[in-house]
Amino acid sequence: MIEVEHLSKKFGNFTAVNDISFSVKQGEMFALLGPNGAGKSTTIKMLTTLLKPTSGNLTLNGHSVTKNQDATRKSFGIVFQDPTLDNDLTAYENMQLHAVMYKVPSREIKHRIQELLTLVELWERRNSLVKTFSGGMKRRLEIARGLLHHPVVLFLDEPTLGLDTQTRNLLWNYVSNLAKEKEMTILFTTHYLEEAEANASRIAIIDHGKLIAIDTADKLKTLTHTKTLEQAYLKLTGKDLRDEAVDPHEAWRSRVRARNMR
Amino acid sequence: MKVIYILWLRQIKRYVRSKSRIVGAIGQPLLFLLALGYGLGSVYKAAGQGNYLEFLVPGIMAQTVLFSAMFYGAMIVFDRQFGFLKETLVAPVSRFKIMIGGALGGATTAVIQGLLVFVISLALGFRPHDWLRLPIALLFMIALAVAIASFSSGIGSFVEDMQGFQAINQFLVFPLYFLSGALYPLDHVPTWLRIIAEVNPISYTVDAMRWAVVGTTKFGLLHDVIALSLTIVVLLVFGAIRFRHIEA
Ligand SMILES: Nc1ncnc2c1ncn2[C@@H]1O[C@H](COP(=O)(O)OP(=O)(O)O)[C@@H](O)[C@H]1O
Ligand SMILES: [Mg+2]
């Protein structure tokens with residue numbers, strides 16, 4: 001369903017993604033795991049037609065991502081890491097706009113919006129302008145919007161960042177159901193190792209733009225002779241996800257993000 | 001069609017909700033009408049040119065439509081800054097529909113602003129030459145608004161920030177506006193200035209508005225209509241092509 005072959009991306013002479021290859025089967029839940037600045041978002045941006053790869057081939061749902069952008073866009077849905085809501089519209093209006101752009105059938109729109117806004121506990125606030133929402137509420141709305149249409153492939157870039165445990169569990173339940181029932185292919189990135197372990201059939205660990213390992217959580221543990229995914233991760237990257245050394249540029253970006261989340 | 005409609009509606013909703021934008025965009029033309037209308041009116045009359053308010057109102061209406069429609073491009077810059085642009089750019093919708101939906105929304109708000117200015121002029125004592133020509137004035141305003149909103153979406157799709165956008169406004173749109181004959185007649189200016197005025201599409205719009213609102217024309221209605229039609233086509237094509245290469 002997703003084929004990534006020798007993918008690289010350079011910004012000037014900085015290599016953000018360095019010769020990555022992997023493939024994801026239909027109905028699979030696949031996790032990209034890696035520290036800040038590893039190149040996860042950049043990879044997703046290239047897969048979703050927002051960035052042109054410097055080199056490599058990308059295929060999504062049988063379409064070449066770079067050559068057939070329109071067909072590719074019809075195949076996927078995405079929840080971005082950074083906010084992409086219209087703050088001057090209400091929650092409902094943001095959902096509606098998305099539904100129309102993604103051609104959700106008219107008679108299903110209302111029903112689906114209600115189902116999803118209820119799921120993320122925003123139905124009561126559906127007619128409030130998004131600019132009056134807290135960071136967590138915006139994040140929840142963003143996820144609900146991403147789930148509104150039922151694409152063949154769904155990308156989730158750090159979807160649960162900044163959400164409480166209860167909401168995180170609700171979301172992962174909903175998402176894994178989509179994978180099972182609709183055979184939806186899901187590629188997500190996360191900072192929470194336990195989320196990757198609990199939900200992903202396979203995990204790709206990337207660091208400094210390079211693919212370090214790719215396997216099931218169990219195999220990764222066996223491979224590294226460790227008991228937990230955290231230890232395996234530590235052994236593979238030499239870093240702890242929780243207190244990693246971030247480069248200054250990325251640290252700045254995270255601060256900006258944190259501010260936007262507020 | 002539904003996509004174009006919903007993107008149009010988005011612009012309308014944002015406009016109606018932004019009181020400051022409405023007030024701000026009315027304030028500038030009002031200032032022009034008052035300061036110039038009363039300030040220069042007597043000079044104009046003394047020079048034997050007649051009623052300055054009559055000369056000025058169609059120009060200020062065109063000015064309002066022009067700069068309000070230009071503002072639509074700034075909305076694209078904001079959409080990029082606030083991330084919403086990504087939401088539209090990954091959607092399975094052609095770039096052309098995205099551009100047209102938004103530009104028509106921006107054009108609609110620009111025409112509303114122009115009509116508000118007309119109402120203000122009425123309050124200031126202005127009376128149109130022939131009320132029956134008003135629908136034609138509306139058509140001209142729509143044409144100008146669509147052309148400029150397309151142009152500004154083209155600009156908004158490649159400038160990186162508001163400074164870049166303002167630079168285009170300052171160095172291209174303002175000069176063209178001041179050389180359009182909207183505020184003062186350009187009959188007695190040096191030849192090179194007159195040549196610029198005569199290849200300037202804004203001049204023809206202003207002239208067309210003047211024909212519709214006060215019944216006078218310099219280039220002749222036919223020339224105005226031809227120039228305005230050409231302008232729409234060229235700027236629509238420009239906007240569509242530039243927008244196709246937009247990046248988030
Ligand atoms: N537009 C860009 N221009 C320059 N550098 C960028 C750009 N986008 C990302 N980078 C850099 O590329 C690296 C990977 O970024 P990203 O893919 O966002 O990492 P991740 O999502 O894994 O945290 C980072 O060092 C980041 O600073
Ligand atoms: Mg990221």
# chains A, B, ... in the order shown; residues from 1 in each chain; ligands from 1
call {"tool": "interface_residues", "arguments": {"of": "chain A", "to": "chain B", "cutoff": "12 Å", "atoms": "only C-alpha atoms", "output": "ChimeraX atom specification"}}
result
/A:44-52,65,68-90,93-106,129,131,142,145-146,149,151,155,256-257,260-261
call {"tool": "residues_near_ligand", "arguments": {"ligand": "ligand 2", "cutoff": "8 Å", "atoms": "only C-alpha atoms and all ligand atoms", "output": "list in words"}}
result
Asn36, Gly37, Ala38, Gly39, Lys40, Ser41, Thr42, Gln81, Asp157, Glu158 and Thr189 of chain A
call {"tool": "write_last_selection", "arguments": {"atoms": "all heavy atoms", "output": "compact mmCIF listing (two decimals), in the first residue's frame"}}
result
# COMPACT_ATOMS: atom_id res chain seq x y z
N ASN A 36 13.29 13.74 18.21
CA ASN A 36 13.02 14.99 17.52
C ASN A 36 14.04 15.24 16.44
O ASN A 36 15.23 15.06 16.66
CB ASN A 36 13.12 16.16 18.52
CG ASN A 36 11.76 16.60 18.99
OD1 ASN A 36 10.79 16.43 18.26
ND2 ASN A 36 11.71 17.12 20.18
N GLY A 37 13.58 15.66 15.27
CA GLY A 37 14.50 16.00 14.20
C GLY A 37 15.02 14.79 13.44
O GLY A 37 15.91 14.91 12.61
N ALA A 38 14.45 13.60 13.71
CA ALA A 38 14.93 12.39 13.05
C ALA A 38 14.58 12.37 11.57
O ALA A 38 15.24 11.71 10.78
CB ALA A 38 14.35 11.16 13.74
N GLY A 39 13.51 13.09 11.20
CA GLY A 39 13.09 13.11 9.80
C GLY A 39 11.73 12.45 9.59
O GLY A 39 11.33 12.20 8.46
N LYS A 40 11.00 12.22 10.67
CA LYS A 40 9.68 11.56 10.56
C LYS A 40 8.69 12.45 9.81
O LYS A 40 8.05 12.02 8.84
CB LYS A 40 9.13 11.24 11.97
CG LYS A 40 10.07 10.45 12.85
CD LYS A 40 9.44 10.15 14.20
CE LYS A 40 9.20 11.37 15.09
NZ LYS A 40 10.43 12.01 15.58
N SER A 41 8.56 13.69 10.26
CA SER A 41 7.59 14.59 9.62
C SER A 41 7.97 14.86 8.17
O SER A 41 7.11 14.93 7.29
CB SER A 41 7.50 15.92 10.37
OG SER A 41 6.98 15.70 11.66
N THR A 42 9.26 15.01 7.93
CA THR A 42 9.72 15.24 6.56
C THR A 42 9.32 14.08 5.66
O THR A 42 8.86 14.27 4.53
CB THR A 42 11.24 15.46 6.54
OG1 THR A 42 11.55 16.53 7.45
CG2 THR A 42 11.74 15.82 5.16
N GLN A 81 1.34 17.26 12.31
CA GLN A 81 1.89 17.52 13.64
C GLN A 81 1.57 18.96 14.07
O GLN A 81 1.22 19.21 15.22
CB GLN A 81 3.40 17.29 13.60
CG GLN A 81 4.08 17.57 14.91
CD GLN A 81 5.57 17.27 14.84
OE1 GLN A 81 6.04 16.54 13.99
NE2 GLN A 81 6.32 17.85 15.75
N ASP A 157 0.67 12.22 12.32
CA ASP A 157 1.99 12.68 12.76
C ASP A 157 1.90 13.17 14.20
O ASP A 157 1.38 14.25 14.46
CB ASP A 157 2.48 13.80 11.82
CG ASP A 157 3.99 14.02 11.94
OD1 ASP A 157 4.62 13.36 12.80
OD2 ASP A 157 4.53 14.84 11.17
N GLU A 158 2.39 12.39 15.10
CA GLU A 158 2.32 12.66 16.54
C GLU A 158 0.91 13.09 16.93
O GLU A 158 0.72 14.16 17.52
CB GLU A 158 3.33 13.76 16.94
CG GLU A 158 4.68 13.51 16.32
CD GLU A 158 5.81 13.62 17.30
OE1 GLU A 158 5.57 13.78 18.50
OE2 GLU A 158 6.97 13.51 16.85
N THR A 189 3.44 8.45 13.63
CA THR A 189 4.66 8.70 14.38
C THR A 189 4.25 9.03 15.80
O THR A 189 3.14 9.50 16.03
CB THR A 189 5.45 9.91 13.83
OG1 THR A 189 4.77 11.10 14.22
CG2 THR A 189 5.56 9.87 12.32
call {"tool": "select_by_dssp", "arguments": {"residues": "stretch 79-250 of chain A", "states": "strand (DSSP E)", "output": "VMD selection string"}}
result
chain A and resid 79 153 to 157 185 to 190 202 to 207 210 to 215
call {"tool": "closest_atom_pairs", "arguments": {"of": "stretch 12-75 of chain B", "to": "stretch 177-180 of chain B", "cutoff": "10 Å", "atoms": "only C-alpha atoms", "output": "CSV"}}
result
residue,atom,partner,partner_atom,distance
B:Gly59,CA,B:Ser180,CA,8.8
B:Ala62,CA,B:Tyr177,CA,9.4
B:Gln63,CA,B:Tyr177,CA,7.4
B:Leu66,CA,B:Tyr177,CA,8.6
B:Phe67,CA,B:Tyr177,CA,9.5
call {"tool": "write_last_selection", "arguments": {"atoms": "C-alpha atoms", "output": "short mmCIF file (atom, residue, chain, number, x, y, z; two decimals), in the first residue's frame"}}
result
data_model
loop_
_atom_site.label_atom_id
_atom_site.label_comp_id
_atom_site.auth_asym_id
_atom_site.auth_seq_id
_atom_site.Cartn_x
_atom_site.Cartn_y
_atom_site.Cartn_z
CA GLY B 59 -12.53 56.60 -8.36
CA ALA B 62 -12.75 51.50 -7.75
CA GLN B 63 -9.99 52.10 -5.18
CA LEU B 66 -9.03 47.25 -5.87
CA PHE B 67 -7.42 47.22 -2.44
#
call {"tool": "closest_residue", "arguments": {"among": "B:Ile232, B:Ile202, B:Ala167, B:Ile60", "to": "B:Val146", "atoms": "only C-alpha atoms"}}
result
B:Ile232
call {"tool": "residues_around", "arguments": {"residues": "A:Leu32", "least_positions_apart": "2", "cutoff": "9 Å", "atoms": "only C-alpha atoms", "output": "PyMOL selection string"}}
result
chain A and resi 30+34+40+187-190+196+202-206
call {"tool": "residues_around", "arguments": {"residues": "stretch 237-245 of chain B", "least_positions_apart": "3", "cutoff": "6 Å", "atoms": "only C-alpha atoms", "output": "MDAnalysis selection string"}}
result
chainID B and resid 95:96 150:151 153:154 157 234
call {"tool": "residues_around", "arguments": {"residues": "stretch 19-31 of chain B", "least_positions_apart": "6", "cutoff": "7 Å", "atoms": "only C-alpha atoms", "output": "ChimeraX atom specification"}}
result
/B:60,64,113,117
call {"tool": "write_last_selection", "arguments": {"atoms": "N, CA and C atoms", "output": "compact mmCIF listing (two decimals), in the first residue's frame"}}
result
# COMPACT_ATOMS: atom_id res chain seq x y z
N ILE B 60 -12.98 56.44 -6.01
CA ILE B 60 -12.82 55.86 -4.67
C ILE B 60 -13.51 54.50 -4.59
N THR B 64 -11.54 51.18 -3.57
CA THR B 64 -11.95 50.27 -2.50
C THR B 64 -11.99 48.83 -2.99
N GLN B 113 -17.64 45.94 -0.08
CA GLN B 113 -16.96 47.15 0.40
C GLN B 113 -17.19 48.33 -0.55
N VAL B 117 -19.10 51.99 0.15
CA VAL B 117 -18.54 53.30 -0.13
C VAL B 117 -19.55 54.14 -0.93
call {"tool": "select_by_dssp", "arguments": {"residues": "stretch 2-246 of chain B", "states": "helix (DSSP H, G or I)", "output": "VMD selection string"}}
result
chain B and resid 2 to 17 19 to 46 52 to 81 84 to 89 95 to 123 131 to 156 162 to 178 191 to 199 201 to 214 221 to 244
call {"tool": "decode", "arguments": {"residues": "stretch 231-243 of chain B", "atoms": "N, CA and C atoms", "output": "JSON list (two decimals), in the first residue's frame"}}
result
[["chain", "number", "residue", "atom", "x", "y", "z"],
["B", 231, "THR", "N", -8.08, 42.29, -19.08],
["B", 231, "THR", "CA", -7.45, 42.24, -17.77],
["B", 231, "THR", "C", -7.92, 41.02, -16.98],
["B", 232, "ILE", "N", -9.21, 40.75, -17.01],
["B", 232, "ILE", "CA", -9.73, 39.58, -16.29],
["B", 232, "ILE", "C", -9.05, 38.32, -16.80],
["B", 233, "VAL", "N", -9.04, 38.15, -18.11],
["B", 233, "VAL", "CA", -8.49, 36.92, -18.67],
["B", 233, "VAL", "C", -7.03, 36.75, -18.28],
["B", 234, "VAL", "N", -6.25, 37.83, -18.49],
["B", 234, "VAL", "CA", -4.81, 37.74, -18.19],
["B", 234, "VAL", "C", -4.57, 37.44, -16.71],
["B", 235, "LEU", "N", -5.29, 38.14, -15.83],
["B", 235, "LEU", "CA", -5.02, 37.97, -14.40],
["B", 235, "LEU", "C", -5.54, 36.63, -13.88],
["B", 236, "LEU", "N", -6.66, 36.16, -14.45],
["B", 236, "LEU", "CA", -7.14, 34.82, -14.07],
["B", 236, "LEU", "C", -6.11, 33.76, -14.44],
["B", 237, "VAL", "N", -5.58, 33.87, -15.64],
["B", 237, "VAL", "CA", -4.58, 32.90, -16.09],
["B", 237, "VAL", "C", -3.33, 33.00, -15.21],
["B", 238, "PHE", "N", -2.91, 34.24, -14.94],
["B", 238, "PHE", "CA", -1.76, 34.44, -14.07],
["B", 238, "PHE", "C", -1.98, 33.78, -12.71],
["B", 239, "GLY", "N", -3.15, 34.07, -12.10],
["B", 239, "GLY", "CA", -3.45, 33.52, -10.78],
["B", 239, "GLY", "C", -3.47, 32.00, -10.79],
["B", 240, "ALA", "N", -4.13, 31.44, -11.81],
["B", 240, "ALA", "CA", -4.26, 29.98, -11.87],
["B", 240, "ALA", "C", -2.90, 29.32, -12.03],
["B", 241, "ILE", "N", -2.06, 29.91, -12.88],
["B", 241, "ILE", "CA", -0.74, 29.30, -13.12],
["B", 241, "ILE", "C", 0.15, 29.41, -11.88],
["B", 242, "ARG", "N", 0.18, 30.61, -11.29],
["B", 242, "ARG", "CA", 1.00, 30.78, -10.09],
["B", 242, "ARG", "C", 0.52, 29.85, -8.98],
["B", 243, "PHE", "N", -0.78, 29.75, -8.84],
["B", 243, "PHE", "CA", -1.33, 28.98, -7.73],
["B", 243, "PHE", "C", -1.05, 27.49, -7.90]]
